[in-house]
$ cat protein.txt   # compact mmCIF, C-alpha atoms
# COMPACT_ATOMS: atom_id res chain seq x y z
CA THR A 1 -5.73 -3.36 12.90
CA GLU A 2 -4.97 0.38 12.63
CA MET A 3 -8.28 1.08 10.84
CA CYS A 4 -6.66 3.36 8.26
CA ARG A 5 -9.53 5.34 6.74
CA PHE A 6 -8.76 4.33 3.15
CA CYS A 7 -8.39 0.59 3.86
CA TRP A 8 -11.20 -1.59 2.56
CA ALA A 9 -10.06 -4.68 4.46
CA ALA A 10 -10.09 -2.87 7.80
CA TYR A 11 -13.78 -2.01 7.57
CA ALA A 12 -15.23 -4.73 5.31
CA MET A 13 -13.37 -7.73 6.76
CA ALA A 14 -13.25 -6.94 10.48
CA PRO A 15 -12.69 -8.40 12.97
CA VAL A 16 -9.04 -9.41 12.54
CA LYS A 17 -8.63 -13.16 12.06
CA GLN A 18 -5.43 -14.99 12.97
CA TYR A 19 -4.53 -18.60 12.27
CA PRO A 20 -2.45 -20.17 15.08
CA ALA A 21 1.26 -20.67 14.46
CA SER A 22 0.83 -24.43 14.81
CA SER A 23 -1.64 -24.49 11.90
CA ILE A 24 0.59 -22.38 9.64
CA LEU A 25 3.70 -24.40 10.44
CA GLY A 26 1.78 -27.65 9.96
CA VAL A 27 0.90 -26.63 6.39
CA ALA A 28 4.49 -25.51 5.80
CA ARG A 29 5.86 -28.81 7.09
CA ALA A 30 3.57 -30.83 4.81
CA ALA A 31 4.50 -28.70 1.78
CA ARG A 32 8.25 -28.71 2.38
CA PRO A 33 8.97 -31.70 0.07
CA LEU A 34 7.42 -29.68 -2.76
CA THR A 35 9.18 -26.31 -2.38
CA ASP A 36 11.80 -24.39 -0.42
CA ARG A 37 10.08 -21.00 -0.73
CA THR A 38 7.19 -19.59 1.25
CA GLY A 39 5.43 -16.23 1.32
CA LEU A 40 3.51 -14.78 4.25
CA ILE A 41 0.69 -12.64 2.91
CA ALA A 42 -1.71 -10.52 4.95
CA THR A 43 -2.69 -6.90 5.35
CA ALA A 44 -0.43 -6.75 8.43
CA VAL A 45 1.73 -9.87 8.56
CA CYS A 46 3.81 -8.88 11.57
CA ASP A 47 0.78 -7.98 13.69
CA HIS A 48 0.34 -11.72 14.23
CA PRO A 49 1.07 -12.30 17.95
CA GLN A 50 3.12 -15.41 17.08
CA ILE A 51 5.01 -13.96 14.11
CA ALA A 52 8.44 -14.58 15.68
CA GLU A 53 7.52 -18.22 16.30
CA ILE A 54 6.24 -18.58 12.74
CA LEU A 55 9.39 -17.09 11.24
CA ARG A 56 11.67 -19.23 13.40
CA GLY A 57 9.69 -22.35 12.52
CA LEU A 58 9.87 -21.63 8.79
CA ALA A 59 13.60 -20.94 9.07
CA GLU A 60 14.12 -24.26 10.88
CA LEU A 61 12.35 -25.96 7.98
CA ASP A 62 14.96 -24.28 5.75
CA TYR A 63 12.43 -22.19 3.87
CA HIS A 64 13.33 -19.01 2.05
CA ILE A 65 10.77 -16.59 3.53
CA ALA A 66 9.25 -13.59 1.77
CA LEU A 67 6.87 -11.15 3.42
CA SER A 68 4.20 -8.96 1.91
CA SER A 69 4.23 -5.38 3.13
CA ILE A 70 5.31 -5.20 6.77
CA LYS A 71 3.68 -2.65 9.08
CA ILE A 72 6.20 0.02 9.99
CA ASP A 73 5.63 -0.12 13.75
CA ALA A 74 6.02 -3.92 13.68
CA ILE A 75 9.59 -3.80 12.36
CA GLU A 76 11.78 -5.18 15.15
CA ASP A 77 15.32 -6.54 15.26
CA PRO A 78 14.33 -10.21 15.93
CA ILE A 79 12.15 -10.26 12.81
CA LEU A 80 14.82 -8.59 10.68
CA GLU A 81 17.48 -10.98 12.01
CA VAL A 82 15.50 -14.07 10.97
CA LEU A 83 14.84 -12.66 7.50
CA ALA A 84 18.42 -11.49 6.98
CA ARG A 85 19.88 -14.78 8.19
CA GLN A 86 17.94 -16.74 5.59
CA GLY A 87 18.97 -14.43 2.78
CA GLU A 88 16.02 -12.07 2.36
CA ARG A 89 17.22 -8.68 1.11
CA ALA A 90 14.03 -6.83 0.18
CA LEU A 91 11.22 -5.40 2.31
CA ALA A 92 8.10 -3.36 1.58
CA ILE A 93 6.50 -0.84 3.92
CA ALA A 94 3.61 1.59 3.50
CA PRO A 95 4.15 5.14 4.79
CA GLU A 96 1.20 6.16 2.50
CA ALA A 97 2.01 9.88 2.82
CA GLY A 98 5.07 12.08 3.06
CA ASN A 99 4.36 13.73 6.41
CA GLU A 100 2.76 13.13 9.80
CA ARG A 101 -0.16 15.52 9.26
CA LEU A 102 -1.55 13.64 6.30
CA ARG A 103 -0.81 10.26 7.89
CA ARG A 104 -2.77 11.29 10.98
CA HIS A 105 -5.60 12.47 8.73
CA VAL A 106 -5.94 8.99 7.22
CA ASN A 107 -5.38 7.36 10.65
CA LYS A 108 -1.91 6.03 9.81
CA LYS A 109 -0.12 6.13 13.15
CA VAL A 110 3.46 6.55 11.93
CA SER A 111 5.61 9.52 12.89
CA ASP A 112 8.54 10.75 10.81
CA GLU A 113 10.85 9.79 13.68
CA MET A 114 9.46 6.23 13.78
CA LEU A 115 9.79 5.90 10.01
CA ARG A 116 13.44 6.98 10.06
CA ASP A 117 14.24 4.67 12.98
CA LYS A 118 12.65 1.63 11.35
CA ALA A 119 14.35 2.34 8.01
CA ARG A 120 17.70 2.59 9.80
CA ARG A 121 17.10 -0.84 11.36
CA VAL A 122 16.25 -2.32 7.97
CA PHE A 123 19.39 -0.99 6.29
CA ALA A 124 21.55 -1.87 9.32
CA HIS A 125 20.57 -5.53 8.85
CA GLY A 126 21.90 -5.52 5.30
CA PHE A 127 18.66 -5.21 3.34
CA THR A 128 19.38 -3.86 -0.13
CA ARG A 129 15.91 -2.90 -1.34
CA LEU A 130 13.13 -1.04 0.45
CA LYS A 131 9.83 -0.53 -1.33
CA LEU A 132 7.61 2.33 -0.14
CA TYR A 133 3.88 2.26 -0.85
CA LEU A 134 2.57 5.84 -1.16
CA GLN A 135 -0.54 7.62 -2.40
CA VAL A 136 -1.38 10.90 -4.11
CA GLY A 137 -4.82 12.45 -4.22
CA LEU A 138 -5.67 11.64 -0.59
CA PRO A 139 -8.43 13.72 1.03
CA SER A 140 -7.06 17.09 2.28
CA GLU A 141 -3.82 16.69 0.29
CA THR A 142 -1.92 19.87 -0.63
CA ASP A 143 0.98 20.56 -2.99
CA GLY A 144 3.19 20.68 0.10
CA ASP A 145 2.13 17.16 1.07
CA VAL A 146 3.22 15.87 -2.34
CA ALA A 147 6.53 17.72 -2.04
CA ASP A 148 7.00 16.06 1.35
CA ILE A 149 6.97 12.66 -0.35
CA VAL A 150 10.16 13.73 -2.11
CA ARG A 151 11.64 15.09 1.12
CA MET A 152 10.81 11.89 3.02
CA VAL A 153 12.32 9.60 0.39
CA GLY A 154 15.41 11.81 0.30
CA GLU A 155 15.81 11.46 4.07
CA LEU A 156 15.47 7.69 3.90
CA ARG A 157 18.03 7.61 1.11
CA GLU A 158 20.49 9.49 3.31
CA ILE A 159 19.99 6.82 5.99
CA ALA A 160 20.57 4.12 3.38
CA VAL A 161 23.81 5.80 2.33
CA ALA A 162 25.02 6.10 5.94
CA GLU A 163 24.22 2.48 6.81
CA GLY A 164 25.47 1.21 3.46
CA ARG A 165 29.07 2.22 4.21
CA ARG A 166 29.38 -0.85 6.43
CA PHE A 167 28.37 -3.16 3.58
CA GLY A 168 30.09 -1.40 0.70
CA ARG A 169 26.87 -0.65 -1.16
CA VAL A 170 23.84 1.61 -0.96
CA ALA A 171 20.39 0.07 -0.72
CA ASP A 172 17.82 0.90 -3.40
CA LEU A 173 14.58 2.67 -2.53
CA VAL A 174 11.49 2.09 -4.65
CA PRO A 175 8.70 4.61 -4.05
CA SER A 176 5.59 2.98 -5.51
CA VAL A 177 2.96 5.69 -5.84
CA ASN A 178 -0.72 5.02 -6.53
CA PRO A 179 -3.60 7.46 -6.81
CA PHE A 180 -5.94 7.24 -3.82
CA ILE A 181 -9.01 5.19 -4.76
CA PRO A 182 -12.10 5.55 -2.53
CA LYS A 183 -13.41 2.15 -1.42
CA PRO A 184 -16.85 0.99 -0.23
CA HIS A 185 -17.45 0.51 3.51
CA THR A 186 -14.64 2.91 4.46
CA PRO A 187 -15.00 6.41 5.92
CA TYR A 188 -13.90 7.70 2.49
CA GLU A 189 -16.49 5.80 0.46
CA GLU A 190 -18.23 9.02 -0.64
CA GLU A 191 -15.00 10.72 -1.71
CA ALA A 192 -14.35 11.33 -5.40
CA LEU A 193 -11.28 10.22 -7.30
CA ALA A 194 -8.99 13.21 -7.78
CA ASP A 195 -9.07 14.95 -11.16
CA GLU A 196 -7.14 13.05 -13.83
CA GLU A 197 -5.00 16.05 -14.79
CA TYR A 198 -4.12 16.65 -11.15
CA LEU A 199 -3.01 13.04 -10.72
CA LYS A 200 -0.98 13.09 -13.93
CA GLU A 201 0.71 16.32 -12.84
CA LYS A 202 1.65 14.98 -9.41
CA LEU A 203 2.89 11.64 -10.72
CA ALA A 204 4.98 13.41 -13.36
CA TYR A 205 6.42 15.72 -10.69
CA LEU A 206 7.40 12.77 -8.50
CA GLN A 207 8.89 10.88 -11.42
CA ALA A 208 11.06 13.90 -12.32
CA GLU A 209 12.19 14.49 -8.73
CA PHE A 210 13.03 10.85 -8.05
CA GLY A 211 14.80 10.63 -11.38
CA ARG A 212 17.42 12.98 -9.93
CA MET A 213 18.07 10.75 -6.90
CA PRO A 214 20.67 7.96 -7.20
CA ASN A 215 19.51 4.55 -5.96
CA VAL A 216 15.85 5.61 -6.15
CA THR A 217 13.50 3.95 -8.66
CA PHE A 218 10.04 5.45 -9.10
CA ARG A 219 7.04 3.22 -9.78
CA GLY A 220 3.75 4.92 -10.58
CA MET A 221 0.30 3.53 -11.24
CA SER A 222 -1.21 4.80 -14.50
CA VAL A 223 -4.06 7.25 -14.08
CA GLY A 224 -6.21 5.20 -16.46
CA GLU A 225 -5.81 2.15 -14.25
CA ALA A 226 -6.76 4.25 -11.22
CA VAL A 227 -9.94 5.47 -12.95
CA TRP A 228 -10.86 1.88 -13.82
CA GLU A 229 -10.24 0.66 -10.26
CA ALA A 230 -12.32 3.53 -8.87
CA PHE A 231 -15.14 2.59 -11.21
CA LEU A 232 -14.97 -1.04 -10.06
CA ALA A 233 -15.03 0.15 -6.45
CA LYS A 234 -18.00 2.51 -6.74
CA ALA A 235 -20.20 1.23 -9.59
CA ASP A 236 -23.58 -0.43 -9.09
CA GLU A 237 -25.46 -2.84 -11.36
CA SER A 238 -26.00 -0.10 -13.96
CA GLY A 239 -22.38 -0.66 -14.98
CA ALA A 240 -22.93 -4.35 -15.78
CA ASP A 241 -22.72 -3.86 -19.54
CA ILE A 242 -19.29 -2.21 -19.19
CA LEU A 243 -18.09 -5.10 -17.05
CA GLU A 244 -19.39 -7.58 -19.61
CA GLU A 245 -17.41 -5.80 -22.32
CA ALA A 246 -14.30 -5.98 -20.14
CA ALA A 247 -14.90 -9.70 -19.51
CA SER A 248 -15.21 -10.28 -23.26
CA GLY A 249 -11.72 -8.90 -23.77
CA VAL A 250 -12.23 -5.24 -24.67
CA PRO A 251 -9.09 -3.39 -23.44
CA VAL A 252 -9.58 -1.15 -20.43
CA ARG A 253 -8.09 1.81 -22.31
CA ARG A 254 -10.80 1.50 -24.95
CA LEU A 255 -13.54 1.12 -22.35
CA LEU A 256 -12.37 4.29 -20.60
CA LYS A 257 -12.61 6.16 -23.89
CA MET A 258 -15.91 4.64 -25.07
CA HIS A 259 -17.69 5.14 -21.74
CA HIS A 260 -15.84 8.21 -20.48
CA GLU A 261 -18.91 10.18 -19.35
CA ARG A 262 -20.56 7.26 -17.57
CA ILE A 263 -17.37 6.21 -15.79
CA SER A 264 -16.52 9.79 -14.80
CA ALA A 265 -20.01 10.23 -13.35
CA VAL A 266 -19.30 7.29 -11.02
CA VAL A 267 -15.73 8.08 -9.96
CA ARG A 268 -16.08 11.89 -9.87
CA PRO A 269 -19.72 12.90 -9.52
CA THR A 270 -20.29 16.55 -10.43
CA VAL A 271 -22.13 17.22 -7.19
CA LEU A 272 -20.92 15.20 -4.23
CA PRO A 273 -23.76 14.18 -1.91
CA SER A 274 -24.16 16.02 1.35
CA ALA A 275 -24.28 13.94 4.52
CA ALA A 276 -28.08 14.26 4.58
CA ALA A 277 -28.42 13.33 0.91
CA ALA A 278 -26.04 10.41 1.31
CA ALA A 279 -28.09 9.13 4.24
CA ALA A 280 -31.30 9.48 2.21
CA THR A 281 -29.74 7.73 -0.80
CA PRO A 282 -28.17 4.45 0.32
CA SER A 283 -24.95 3.45 -1.40
CA PRO A 284 -25.12 0.56 -3.90
CA TRP A 285 -23.43 -1.72 -1.38
CA SER A 286 -25.43 -0.73 1.71
CA PHE A 287 -27.43 -3.98 1.64
CA ILE A 288 -24.27 -6.07 2.21
CA SER A 289 -23.85 -7.27 5.78
CA LYS A 290 -20.34 -6.99 7.20
CA ARG A 291 -21.11 -9.17 10.21

$ encode --input "protein.txt" --output "structure tokens"
Amino acid sequence: TEMCRFCWAAYAMAPVKQYPASSILGVARAARPLTDRTGLIATAVCDHPQIAEILRGLAELDYHIALSSIKIDAIEDPILEVLARQGERALAIAPEAGNERLRRHVNKKVSDEMLRDKARRVFAHGFTRLKLYLQVGLPSETDGDVADIVRMVGELREIAVAEGRRFGRVADLVPSVNPFIPKPHTPYEEEALADEEYLKEKLAYLQAEFGRMPNVTFRGMSVGEAVWEAFLAKADESGADILEEAASGVPVRRLLKMHHERISAVVRPTVLPSAAAAAATPSPWSFISKR
């Protein structure tokens, strides 16, 4: 719903679709004899206008509820209370970047003040694990922006320590950092994947900095995986033979080595197209209707 500029779902799957609470709870009621666990999965679970009703209904059915990443601005006490009451202790949010400037650049409408306030609410409700989805290599990123990821996580850790005194333990923070991967249909579809050495350097820097912080566990996506995902996102039918090799069981690491030049030409073209050239040369996916 925020139309973040890197988000494939926002641009390729619009408009937002919402199943009514009655439909969701009907499925949950029918499935209850089979399981006592349920997961709510969406790009923005708590944007659902009936999310409080859904959570209450699942709790009344005595389900253990897990949420996929919850939008930061949607974190409210009633939602946290339902989750905490039924024993949930972990949440995931997606600040994406370490400061407001870069968040605004990618259209992520989250201020530092909002982030700190929402984290305080999470820890005040007794949650013991907060996962943070972040990216490096975003368009316009500077070394200072990457350093701000460390600063931001450090500030959230201080909040966790302060709130944890009431519970006798400090919550864990898990910064999960992925390289930015340009996706089709988004405003960043013509962007290149950042240089591999740059990404390795930044991920190593973050791993070292977070390694010095108690109660902070760094999770980083491998650069090779990022290159492969970028290739999948941007390749056209000329890459079919590489995909066939992957489908036959050839390891991705070997494919990246065997087809290094071809894959690099897709994910990091030597000469990025100008706006005029891009308009004259339709993207491989331009024939796909999004309506």

$ closest_atom_pairs --input "protein.txt" --of "segment 119-195 of chain A" --to "segment 97-111 of chain A" --cutoff "10 Å" --atoms "all atoms listed in the file" --output "tab-separated table"
residue	atom	partner	partner_atom	distance
A:Leu132	CA	A:Ala97	CA	9.9
A:Tyr133	CA	A:Ala97	CA	8.7
A:Leu134	CA	A:Ala97	CA	5.7
A:Gln135	CA	A:Ala97	CA	6.2
A:Val136	CA	A:Ala97	CA	7.8
A:Leu138	CA	A:Val106	CA	8.3
A:Pro139	CA	A:Val106	CA	8.2
A:Ser140	CA	A:Leu102	CA	7.6
A:Glu141	CA	A:Leu102	CA	7.1
A:Thr142	CA	A:Leu102	CA	9.3
A:Gly144	CA	A:Gly98	CA	9.3
A:Asp145	CA	A:Gly98	CA	6.2
A:Val146	CA	A:Gly98	CA	6.9
A:Ala147	CA	A:Gly98	CA	7.7
A:Asp148	CA	A:Gly98	CA	4.7
A:Ile149	CA	A:Gly98	CA	3.9
A:Val150	CA	A:Gly98	CA	7.4
A:Arg151	CA	A:Gly98	CA	7.5
A:Met152	CA	A:Gly98	CA	5.7
A:Val153	CA	A:Gly98	CA	8.1
A:Val177	CA	A:Ala97	CA	9.7
A:Pro187	CA	A:Val106	CA	9.5
A:Tyr188	CA	A:Val106	CA	9.3

$ closest_atom_pairs --input "protein.txt" --of "segment 127-156 of chain A" --to "segment 161-170 of chain A" --cutoff "12 Å" --atoms "only C-alpha atoms" --output "Markdown table"
| residue | atom | partner | partner_atom | distance |
| --- | --- | --- | --- | --- |
| A:Phe127 | CA | A:Gly164 | CA | 9.4 |
| A:Thr128 | CA | A:Val170 | CA | 7.1 |
| A:Arg129 | CA | A:Val170 | CA | 9.1 |
| A:Leu130 | CA | A:Val170 | CA | 11.1 |
| A:Gly154 | CA | A:Val161 | CA | 10.5 |
| A:Glu155 | CA | A:Val161 | CA | 10.0 |
| A:Leu156 | CA | A:Val161 | CA | 8.7 |

$ atom_distance --input "protein.txt" --atom1 "atom CA of Thr217 of chain A" --atom2 "atom CA of Ile72 of chain A"
20.4 Å

$ atom_distance --input "protein.txt" --atom1 "atom CA of Lys71 of chain A" --atom2 "atom CA of Phe218 of chain A"
20.9 Å

$ residues_around --input "protein.txt" --residues "Ala12 of chain A" --least-positions-apart "2" --cutoff "7 Å" --atoms "only C-alpha atoms" --output "VMD selection string"
chain A and resid 8 to 10 14 185 290

$ write_last_selection --input "protein.txt" --atoms "C-alpha atoms" --output "short mmCIF file (atom, residue, chain, number, x, y, z; two decimals), in the coordinates of the input"
data_model
loop_
_atom_site.label_atom_id
_atom_site.label_comp_id
_atom_site.auth_asym_id
_atom_site.auth_seq_id
_atom_site.Cartn_x
_atom_site.Cartn_y
_atom_site.Cartn_z
CA TRP A 8 -11.20 -1.59 2.56
CA ALA A 9 -10.06 -4.68 4.46
CA ALA A 10 -10.09 -2.87 7.80
CA ALA A 14 -13.25 -6.94 10.48
CA HIS A 185 -17.45 0.51 3.51
CA LYS A 290 -20.34 -6.99 7.20
#

$ axis_aligned_box --input "protein.txt" --around "segment 206-216 of chain A" --padding-each-side "6 Å" --output "lines of an AutoDock Vina configuration file"
center_x = 14.0
center_y = 9.5
center_z = -9.1
size_x = 25.3
size_y = 21.9
size_z = 18.4

$ atom_distance --input "protein.txt" --atom1 "atom CA of Asp47 of chain A" --atom2 "atom CA of Pro15 of chain A"
13.5 Å

$ residues_around --input "protein.txt" --residues "Ala42 of chain A" --least-positions-apart "5" --cutoff "10 Å" --atoms "only C-alpha atoms" --output "PDB file with C-alpha atoms, in the coordinates of the input"
ATOM      1  CA  GLN A  18      -5.430 -14.990  12.970  1.00  0.00           C
ATOM      2  CA  ASP A  47       0.780  -7.980  13.690  1.00  0.00           C
ATOM      3  CA  HIS A  48       0.340 -11.720  14.230  1.00  0.00           C
ATOM      4  CA  LEU A  67       6.870 -11.150   3.420  1.00  0.00           C
ATOM      5  CA  SER A  68       4.200  -8.960   1.910  1.00  0.00           C
ATOM      6  CA  SER A  69       4.230  -5.380   3.130  1.00  0.00           C
ATOM      7  CA  ILE A  70       5.310  -5.200   6.770  1.00  0.00           C
TER       8      ILE A  70
END

$ closest_residue --input "protein.txt" --among "A:Ile54, A:Ala31, A:Leu256, A:Ile93" --to "Ile79 of chain A" --atoms "all atoms listed in the file"
A:Ile54

$ residues_around --input "protein.txt" --residues "Ala59 of chain A" --least-positions-apart "5" --cutoff "8 Å" --atoms "all atoms listed in the file" --output "list in words"
His64, Ile65, Val82 and Gln86 of chain A

$ closest_residue --input "protein.txt" --among "A:Glu225, A:Glu76, A:Glu88, A:Glu2" --to "Arg37 of chain A" --atoms "only C-alpha atoms"
A:Glu88

$ residues_around --input "protein.txt" --residues "Val252 of chain A" --least-positions-apart "5" --cutoff "12 Å" --atoms "all atoms listed in the file" --output "list in words"
Ser222, Val223, Gly224, Glu225, Ala226, Val227, Trp228, Glu229, Phe231, Leu232, Ile242, Leu243, Glu244, Glu245, Ala246, Ala247, Lys257, Met258, His259, His260 and Ile263 of chain A
